[in-house]
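Trainee: Structure file protein09.txt, compact mmCIF, C-alpha atoms and all ligand atoms, is pasted below:
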# COMPACT_ATOMS: atom_id res chain seq x y z
CA MET Y 1 -38.13 -13.52 -7.43
CA PRO Y 2 -37.77 -13.48 -11.25
CA ALA Y 3 -38.21 -10.06 -12.85
CA PRO Y 4 -41.43 -9.64 -14.86
CA ARG Y 5 -40.81 -10.43 -18.53
CA ILE Y 6 -41.47 -8.15 -21.52
CA PRO Y 7 -41.42 -8.95 -25.26
CA TYR Y 8 -38.15 -8.38 -27.11
CA MET Y 9 -38.74 -7.40 -30.71
CA VAL Y 10 -36.23 -6.39 -33.35
CA ASN Y 11 -37.25 -5.77 -36.94
CA ALA Y 12 -36.20 -8.81 -38.97
CA LEU Y 13 -33.99 -7.49 -41.78
CA THR Y 14 -33.27 -9.16 -45.11
CA ASP Y 15 -29.95 -10.99 -45.46
CA ASP Y 16 -28.77 -8.19 -47.79
CA ASP Y 17 -29.56 -5.54 -45.19
CA VAL Y 18 -27.80 -7.56 -42.50
CA ARG Y 19 -24.75 -7.86 -44.77
CA ALA Y 20 -24.79 -4.15 -45.56
CA ARG Y 21 -24.96 -3.27 -41.87
CA ALA Y 22 -22.14 -5.69 -41.07
CA GLU Y 23 -19.94 -4.02 -43.70
CA ALA Y 24 -20.84 -0.49 -42.65
CA PHE Y 25 -20.23 -1.04 -38.94
CA TYR Y 26 -16.97 -2.87 -39.54
CA ALA Y 27 -15.75 -0.07 -41.84
CA GLN Y 28 -16.65 2.51 -39.22
CA MET Y 29 -14.94 0.66 -36.37
CA ASP Y 30 -11.90 -0.24 -38.48
CA ALA Y 31 -11.32 3.49 -38.93
CA ARG Y 32 -10.89 3.94 -35.16
CA ARG Y 33 -7.43 4.56 -33.80
CA SER Y 34 -6.09 5.31 -30.35
CA VAL Y 35 -5.21 9.00 -30.36
CA ARG Y 36 -2.60 10.83 -28.27
CA ASP Y 37 -2.69 14.27 -29.97
CA PHE Y 38 -5.88 16.06 -28.99
CA SER Y 39 -7.47 19.42 -29.81
CA ASP Y 40 -8.61 21.69 -26.98
CA ARG Y 41 -11.92 22.21 -28.81
CA PRO Y 42 -14.70 21.93 -26.22
CA VAL Y 43 -17.07 18.94 -26.27
CA PRO Y 44 -20.56 19.39 -24.81
CA ARG Y 45 -21.28 17.52 -21.60
CA ALA Y 46 -24.46 16.11 -23.20
CA VAL Y 47 -22.48 13.90 -25.60
CA ILE Y 48 -20.25 12.60 -22.81
CA GLU Y 49 -23.44 11.72 -20.94
CA ARG Y 50 -24.64 9.78 -23.99
CA ALA Y 51 -21.33 7.91 -24.29
CA ILE Y 52 -21.53 6.91 -20.61
CA LEU Y 53 -25.14 5.81 -21.01
CA THR Y 54 -24.13 3.78 -24.09
CA ALA Y 55 -21.31 2.14 -22.11
CA SER Y 56 -23.77 1.45 -19.34
CA THR Y 57 -25.90 -0.66 -21.72
CA ALA Y 58 -23.19 -3.34 -21.42
CA PRO Y 59 -24.24 -6.76 -20.18
CA SER Y 60 -22.96 -7.38 -16.65
CA GLY Y 61 -22.77 -10.25 -14.17
CA ALA Y 62 -26.22 -10.65 -12.57
CA HIS Y 63 -27.03 -7.22 -14.07
CA LYS Y 64 -25.18 -5.51 -11.22
CA GLN Y 65 -23.75 -2.84 -13.59
CA PRO Y 66 -20.55 -2.68 -11.52
CA TRP Y 67 -19.08 0.51 -12.98
CA THR Y 68 -18.70 4.19 -12.14
CA PHE Y 69 -17.64 6.69 -14.80
CA VAL Y 70 -16.08 9.86 -13.40
CA ALA Y 71 -16.11 12.65 -16.01
CA VAL Y 72 -13.60 15.43 -15.36
CA SER Y 73 -13.65 18.81 -17.14
CA ASP Y 74 -12.28 21.02 -14.33
CA PRO Y 75 -8.90 22.37 -15.57
CA ASP Y 76 -7.30 22.29 -12.12
CA LEU Y 77 -8.28 18.67 -11.59
CA LYS Y 78 -7.04 17.74 -15.07
CA ARG Y 79 -3.71 19.40 -14.27
CA ARG Y 80 -3.40 17.45 -11.03
CA ILE Y 81 -4.25 14.19 -12.83
CA ARG Y 82 -1.56 14.96 -15.43
CA GLU Y 83 1.05 15.71 -12.76
CA ALA Y 84 0.30 12.52 -10.82
CA ALA Y 85 0.09 10.36 -13.96
CA GLU Y 86 3.40 11.70 -15.29
CA ALA Y 87 5.11 11.12 -11.94
CA GLU Y 88 4.05 7.44 -12.01
CA GLU Y 89 4.77 7.03 -15.70
CA ARG Y 90 8.24 8.52 -15.33
CA GLU Y 91 9.09 5.90 -12.72
CA SER Y 92 7.61 3.17 -14.89
CA TYR Y 93 9.52 4.15 -18.03
CA ASP Y 94 12.70 4.77 -16.00
CA GLY Y 95 12.88 1.31 -14.42
CA ARG Y 96 9.63 -0.34 -13.40
CA MET Y 97 8.87 -1.62 -16.91
CA SER Y 98 10.92 -4.53 -18.27
CA GLU Y 99 13.18 -4.21 -21.30
CA GLU Y 100 10.80 -6.52 -23.15
CA TRP Y 101 7.85 -4.26 -22.32
CA LEU Y 102 9.67 -1.10 -23.38
CA ALA Y 103 10.67 -2.81 -26.64
CA ALA Y 104 7.04 -3.82 -27.26
CA LEU Y 105 6.00 -0.17 -26.88
CA GLU Y 106 8.67 1.17 -29.20
CA PRO Y 107 6.53 1.03 -32.37
CA ILE Y 108 3.83 3.01 -30.59
CA GLY Y 109 6.28 5.68 -29.55
CA THR Y 110 4.95 6.43 -26.07
CA ASP Y 111 6.96 7.92 -23.21
CA TRP Y 112 6.20 9.28 -19.72
CA ARG Y 113 4.91 12.63 -20.99
CA LYS Y 114 1.11 12.92 -21.04
CA PRO Y 115 0.32 16.52 -22.14
CA PHE Y 116 -3.01 15.37 -23.58
CA LEU Y 117 -4.32 15.00 -20.01
CA GLU Y 118 -4.46 18.79 -19.86
CA THR Y 119 -5.34 19.50 -23.49
CA VAL Y 120 -8.46 17.37 -23.67
CA PRO Y 121 -11.83 18.85 -22.73
CA TRP Y 122 -12.77 15.64 -20.85
CA ILE Y 123 -11.05 12.90 -18.90
CA VAL Y 124 -13.41 10.00 -18.19
CA VAL Y 125 -12.17 7.49 -15.63
CA LEU Y 126 -13.83 4.08 -15.44
CA PHE Y 127 -13.89 2.62 -11.93
CA ALA Y 128 -14.74 -1.05 -11.39
CA GLN Y 129 -16.96 -1.63 -8.37
CA ARG Y 130 -15.52 -4.73 -6.72
CA SER Y 131 -18.67 -4.78 -4.60
CA GLY Y 132 -21.83 -2.70 -4.34
CA LEU Y 133 -23.39 -0.79 -1.51
CA ARG Y 134 -27.06 -1.35 -0.65
CA SER Y 135 -29.10 1.62 0.55
CA ASP Y 136 -28.96 0.20 4.11
CA GLY Y 137 -25.17 0.36 3.98
CA THR Y 138 -24.58 -3.40 3.64
CA LYS Y 139 -22.24 -4.83 0.99
CA GLU Y 140 -23.69 -6.34 -2.16
CA LYS Y 141 -21.70 -8.95 -4.11
CA HIS Y 142 -20.74 -8.13 -7.69
CA TYR Y 143 -19.91 -10.80 -10.28
CA TYR Y 144 -17.55 -10.91 -13.28
CA VAL Y 145 -16.55 -7.32 -12.54
CA GLN Y 146 -13.51 -7.21 -14.87
CA GLU Y 147 -15.41 -8.77 -17.76
CA SER Y 148 -18.43 -6.50 -17.29
CA CYS Y 149 -16.30 -3.36 -17.08
CA GLY Y 150 -14.23 -4.47 -20.07
CA ILE Y 151 -17.35 -4.76 -22.19
CA ALA Y 152 -18.59 -1.35 -20.95
CA ALA Y 153 -15.21 0.15 -21.87
CA GLY Y 154 -15.50 -1.27 -25.40
CA LEU Y 155 -18.95 0.20 -25.85
CA PHE Y 156 -17.71 3.56 -24.52
CA ILE Y 157 -14.88 3.58 -27.06
CA ALA Y 158 -17.28 2.65 -29.88
CA ALA Y 159 -19.71 5.41 -28.84
CA ILE Y 160 -16.98 8.05 -28.71
CA HIS Y 161 -15.63 7.00 -32.11
CA GLN Y 162 -19.08 6.95 -33.67
CA MET Y 163 -19.53 10.60 -32.58
CA GLY Y 164 -16.43 11.62 -34.51
CA LEU Y 165 -14.48 12.10 -31.27
CA ALA Y 166 -11.30 10.32 -30.28
CA THR Y 167 -10.05 8.58 -27.16
CA LEU Y 168 -7.28 6.42 -25.77
CA THR Y 169 -7.27 3.56 -23.25
CA HIS Y 170 -4.72 5.12 -20.95
CA THR Y 171 -3.62 3.05 -17.94
CA PRO Y 172 -1.12 5.03 -15.88
CA SER Y 173 0.30 2.54 -13.44
CA PRO Y 174 -0.22 2.30 -10.53
CA MET Y 175 -3.57 4.12 -10.71
CA ARG Y 176 -4.27 4.59 -7.00
CA PHE Y 177 -3.76 8.36 -7.32
CA LEU Y 178 -7.04 8.49 -9.26
CA SER Y 179 -8.98 7.10 -6.29
CA GLU Y 180 -7.55 9.87 -4.13
CA LEU Y 181 -7.89 12.77 -6.59
CA LEU Y 182 -11.41 11.73 -7.57
CA GLU Y 183 -12.42 10.87 -3.99
CA ARG Y 184 -13.70 7.37 -4.71
CA THR Y 185 -14.67 4.79 -2.10
CA PRO Y 186 -12.48 1.71 -1.38
CA ASN Y 187 -14.86 -0.66 -3.21
CA GLU Y 188 -14.10 1.18 -6.48
CA ALA Y 189 -10.87 0.35 -8.32
CA PRO Y 190 -9.64 2.61 -11.15
CA LEU Y 191 -9.58 0.53 -14.34
CA ILE Y 192 -9.08 2.75 -17.40
CA LEU Y 193 -8.62 6.47 -17.97
CA PHE Y 194 -10.11 7.80 -21.22
CA PRO Y 195 -9.01 11.23 -22.48
CA VAL Y 196 -11.86 12.34 -24.78
CA GLY Y 197 -11.90 15.10 -27.37
CA PHE Y 198 -11.41 15.92 -31.02
CA PRO Y 199 -8.10 14.83 -32.51
CA ALA Y 200 -5.65 17.70 -33.05
CA ASP Y 201 -5.63 19.00 -36.64
CA ASP Y 202 -2.06 17.72 -37.01
CA ALA Y 203 -2.64 14.45 -35.10
CA THR Y 204 -0.80 11.41 -36.39
CA VAL Y 205 -1.03 7.74 -35.39
CA PRO Y 206 1.53 4.98 -35.91
CA ASP Y 207 1.04 2.97 -39.09
CA LEU Y 208 0.11 -0.31 -37.40
CA GLN Y 209 -1.71 -3.21 -39.05
CA ARG Y 210 -4.53 -5.28 -37.61
CA LYS Y 211 -4.27 -9.05 -37.67
CA PRO Y 212 -6.18 -10.61 -40.59
CA LEU Y 213 -9.27 -12.71 -39.94
CA SER Y 214 -7.26 -15.89 -40.50
CA GLU Y 215 -5.13 -15.05 -37.45
CA VAL Y 216 -7.93 -14.08 -35.10
CA ALA Y 217 -10.68 -16.58 -35.96
CA VAL Y 218 -10.93 -20.36 -36.12
CA TRP Y 219 -13.85 -22.07 -37.88
CA ARG Y 220 -14.96 -25.57 -37.01
N1 LIG Y 301 0.94 3.16 -19.21
C1 LIG Y 301 2.05 3.59 -20.04
C2 LIG Y 301 2.67 2.47 -20.80
C3 LIG Y 301 1.89 1.81 -21.86
C4 LIG Y 301 1.60 0.47 -21.74
C5 LIG Y 301 0.95 -0.21 -22.74
I1 LIG Y 301 0.66 -2.21 -22.59
C6 LIG Y 301 0.53 0.49 -23.88
O1 LIG Y 301 -0.13 -0.20 -24.90
C7 LIG Y 301 0.82 1.82 -24.02
C8 LIG Y 301 1.49 2.48 -22.99
C9 LIG Y 301 1.65 4.76 -20.94
O2 LIG Y 301 0.48 5.07 -21.01
O3 LIG Y 301 2.51 5.36 -21.55
For the structure just supplied, provide its representation as structure tokens.
Mentor:
Amino acid sequence: MPAPRIPYMVNALTDDDVRARAEAFYAQMDARRSVRDFSDRPVPRAVIERAILTASTAPSGAHKQPWTFVAVSDPDLKRRIREAAEAEERESYDGRMSEEWLAALEPIGTDWRKPFLETVPWIVVLFAQRSGLRSDGTKEKHYYVQESCGIAAGLFIAAIHQMGLATLTHTPSPMRFLSELLERTPNEAPLILFPVGFPADDATVPDLQRKPLSEVAVWR
């Protein structure tokens, strides 16, 4: 049965206002960088809740909203996540990753050490629900799960940045240890780990350039 329909109204802005908003939002988002040096300054749970709710406004296949965000602030759990992530990362950097991959990462300057996983006030892990669970226990099909979760991740990152906080799309590989440590069900696959906090006062980021419009867009 189709859902009942409701009016959708946005205030029609002038072209100048649209242009001004386009510039302002681009400038704000262009200032975002992935951060690996975090402050231990606490971040209230309420703003993490808002970031998750913002992410959860993402469009999703058949509106199944196939995501679970697990927000971790418990120091002991953060320590165990760091230990498990570093164990996997050490093996990756010491042999599982190809020479080409390691060379591609050189400008970014990463290695197996992930101290930020303990420094940050919050670790938010995005799990993709490959299928859903109805209240009667039967399986519900989910659609375009990767795409839906990818969009939700983008909105989460934008929300965190807009708050003046910083994050990183961290993908320790393989990520199975997160399912165990965070006690998730088999239908949920860990997708991205986001450390969230304020950048450290002395945080630096690599001086990388974004591709110009001419390289990322084609006009016909
Ligand atoms: N997961 C590793 C390696 C890594 C891979 C890519 I692709 C990056 O853009 C950055 C890092 C790590 O987090 O160090």
Trainee: Go through the chains and note each residue within 6 Å of ligand LIG 301 (chain Y), using all atoms listed in the file, then give the set as a list in words.
Mentor: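 Listing the residues within 6 Å of ligand LIG 301 (chain Y) gives Thr110, Asp111, Trp112, His170, Thr171, Pro172 and Ser173 of chain Y.
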Trainee: How would you write as an NGL selection string the residues that get within 7 Å of (-1.6, 14.4, -7.6) in the file's frame, counting all atoms listed in the file?
Mentor: :Y and (80-81 or 83-84 or 177 or 181)
Trainee: Choose the residue, out of Y:Ser135, Y:Ser73, Y:Thr68, Y:Thr14, that has the smallest atom-to-atom separation from Y:Pro42; count all atoms listed in the file.
Mentor: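 Once distances to Y:Pro42 are computed over all atoms listed in the file, the minimum belongs to Y:Ser73.
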Trainee: With distances taken over only C-alpha atoms, which of Y:Ile108, Y:Val145, Y:Ala189, Y:Ala153 is nearest to Y:Arg33?
Mentor: Y:Ile108
Trainee: Hey, can you check how far atom CA of Y:Asp202 sits from atom CA of Y:Ala103?
Mentor: 26.3 Å
Trainee: Given all atoms listed in the file as the basis, pick out the residue of Y:Ala3, Y:Arg50, Y:Arg220, Y:Ala62 nearest to Y:Glu140.
Mentor: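 Checking each of Y:Ala3, Y:Arg50, Y:Arg220, Y:Ala62 against Y:Glu140, counting all atoms listed in the file, the winner is Y:Ala62.
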Trainee: Mind giving me the straight-line distance from atom CA of Y:Ala55 to atom CA of Y:Arg36 in Å, one decimal?
Mentor: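 Taking atom CA of Y:Ala55 as the start and atom CA of Y:Arg36 as the end point, the length is 21.5 Å.
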Trainee: Taking all atoms listed in the file into account, name the residue in Y:Val218, Y:Met175, Y:Thr138, Y:Tyr26 that is nearest to Y:Ser92.
Mentor: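 Between Y:Val218, Y:Met175, Y:Thr138, Y:Tyr26, the residue approaching Y:Ser92 most closely is Y:Met175.
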Trainee: When distances are computed from all atoms listed in the file, which of Y:Ala158, Y:Ile123, Y:Ala104, Y:Met97 shows the smallest separation from Y:Pro195?
Mentor: Y:Ile123
Trainee: Quick check, in Å to one decimal: how far apart do atom CA of Y:Gln65 and atom CA of Y:Gly150 lie?
Mentor: 11.6 Å
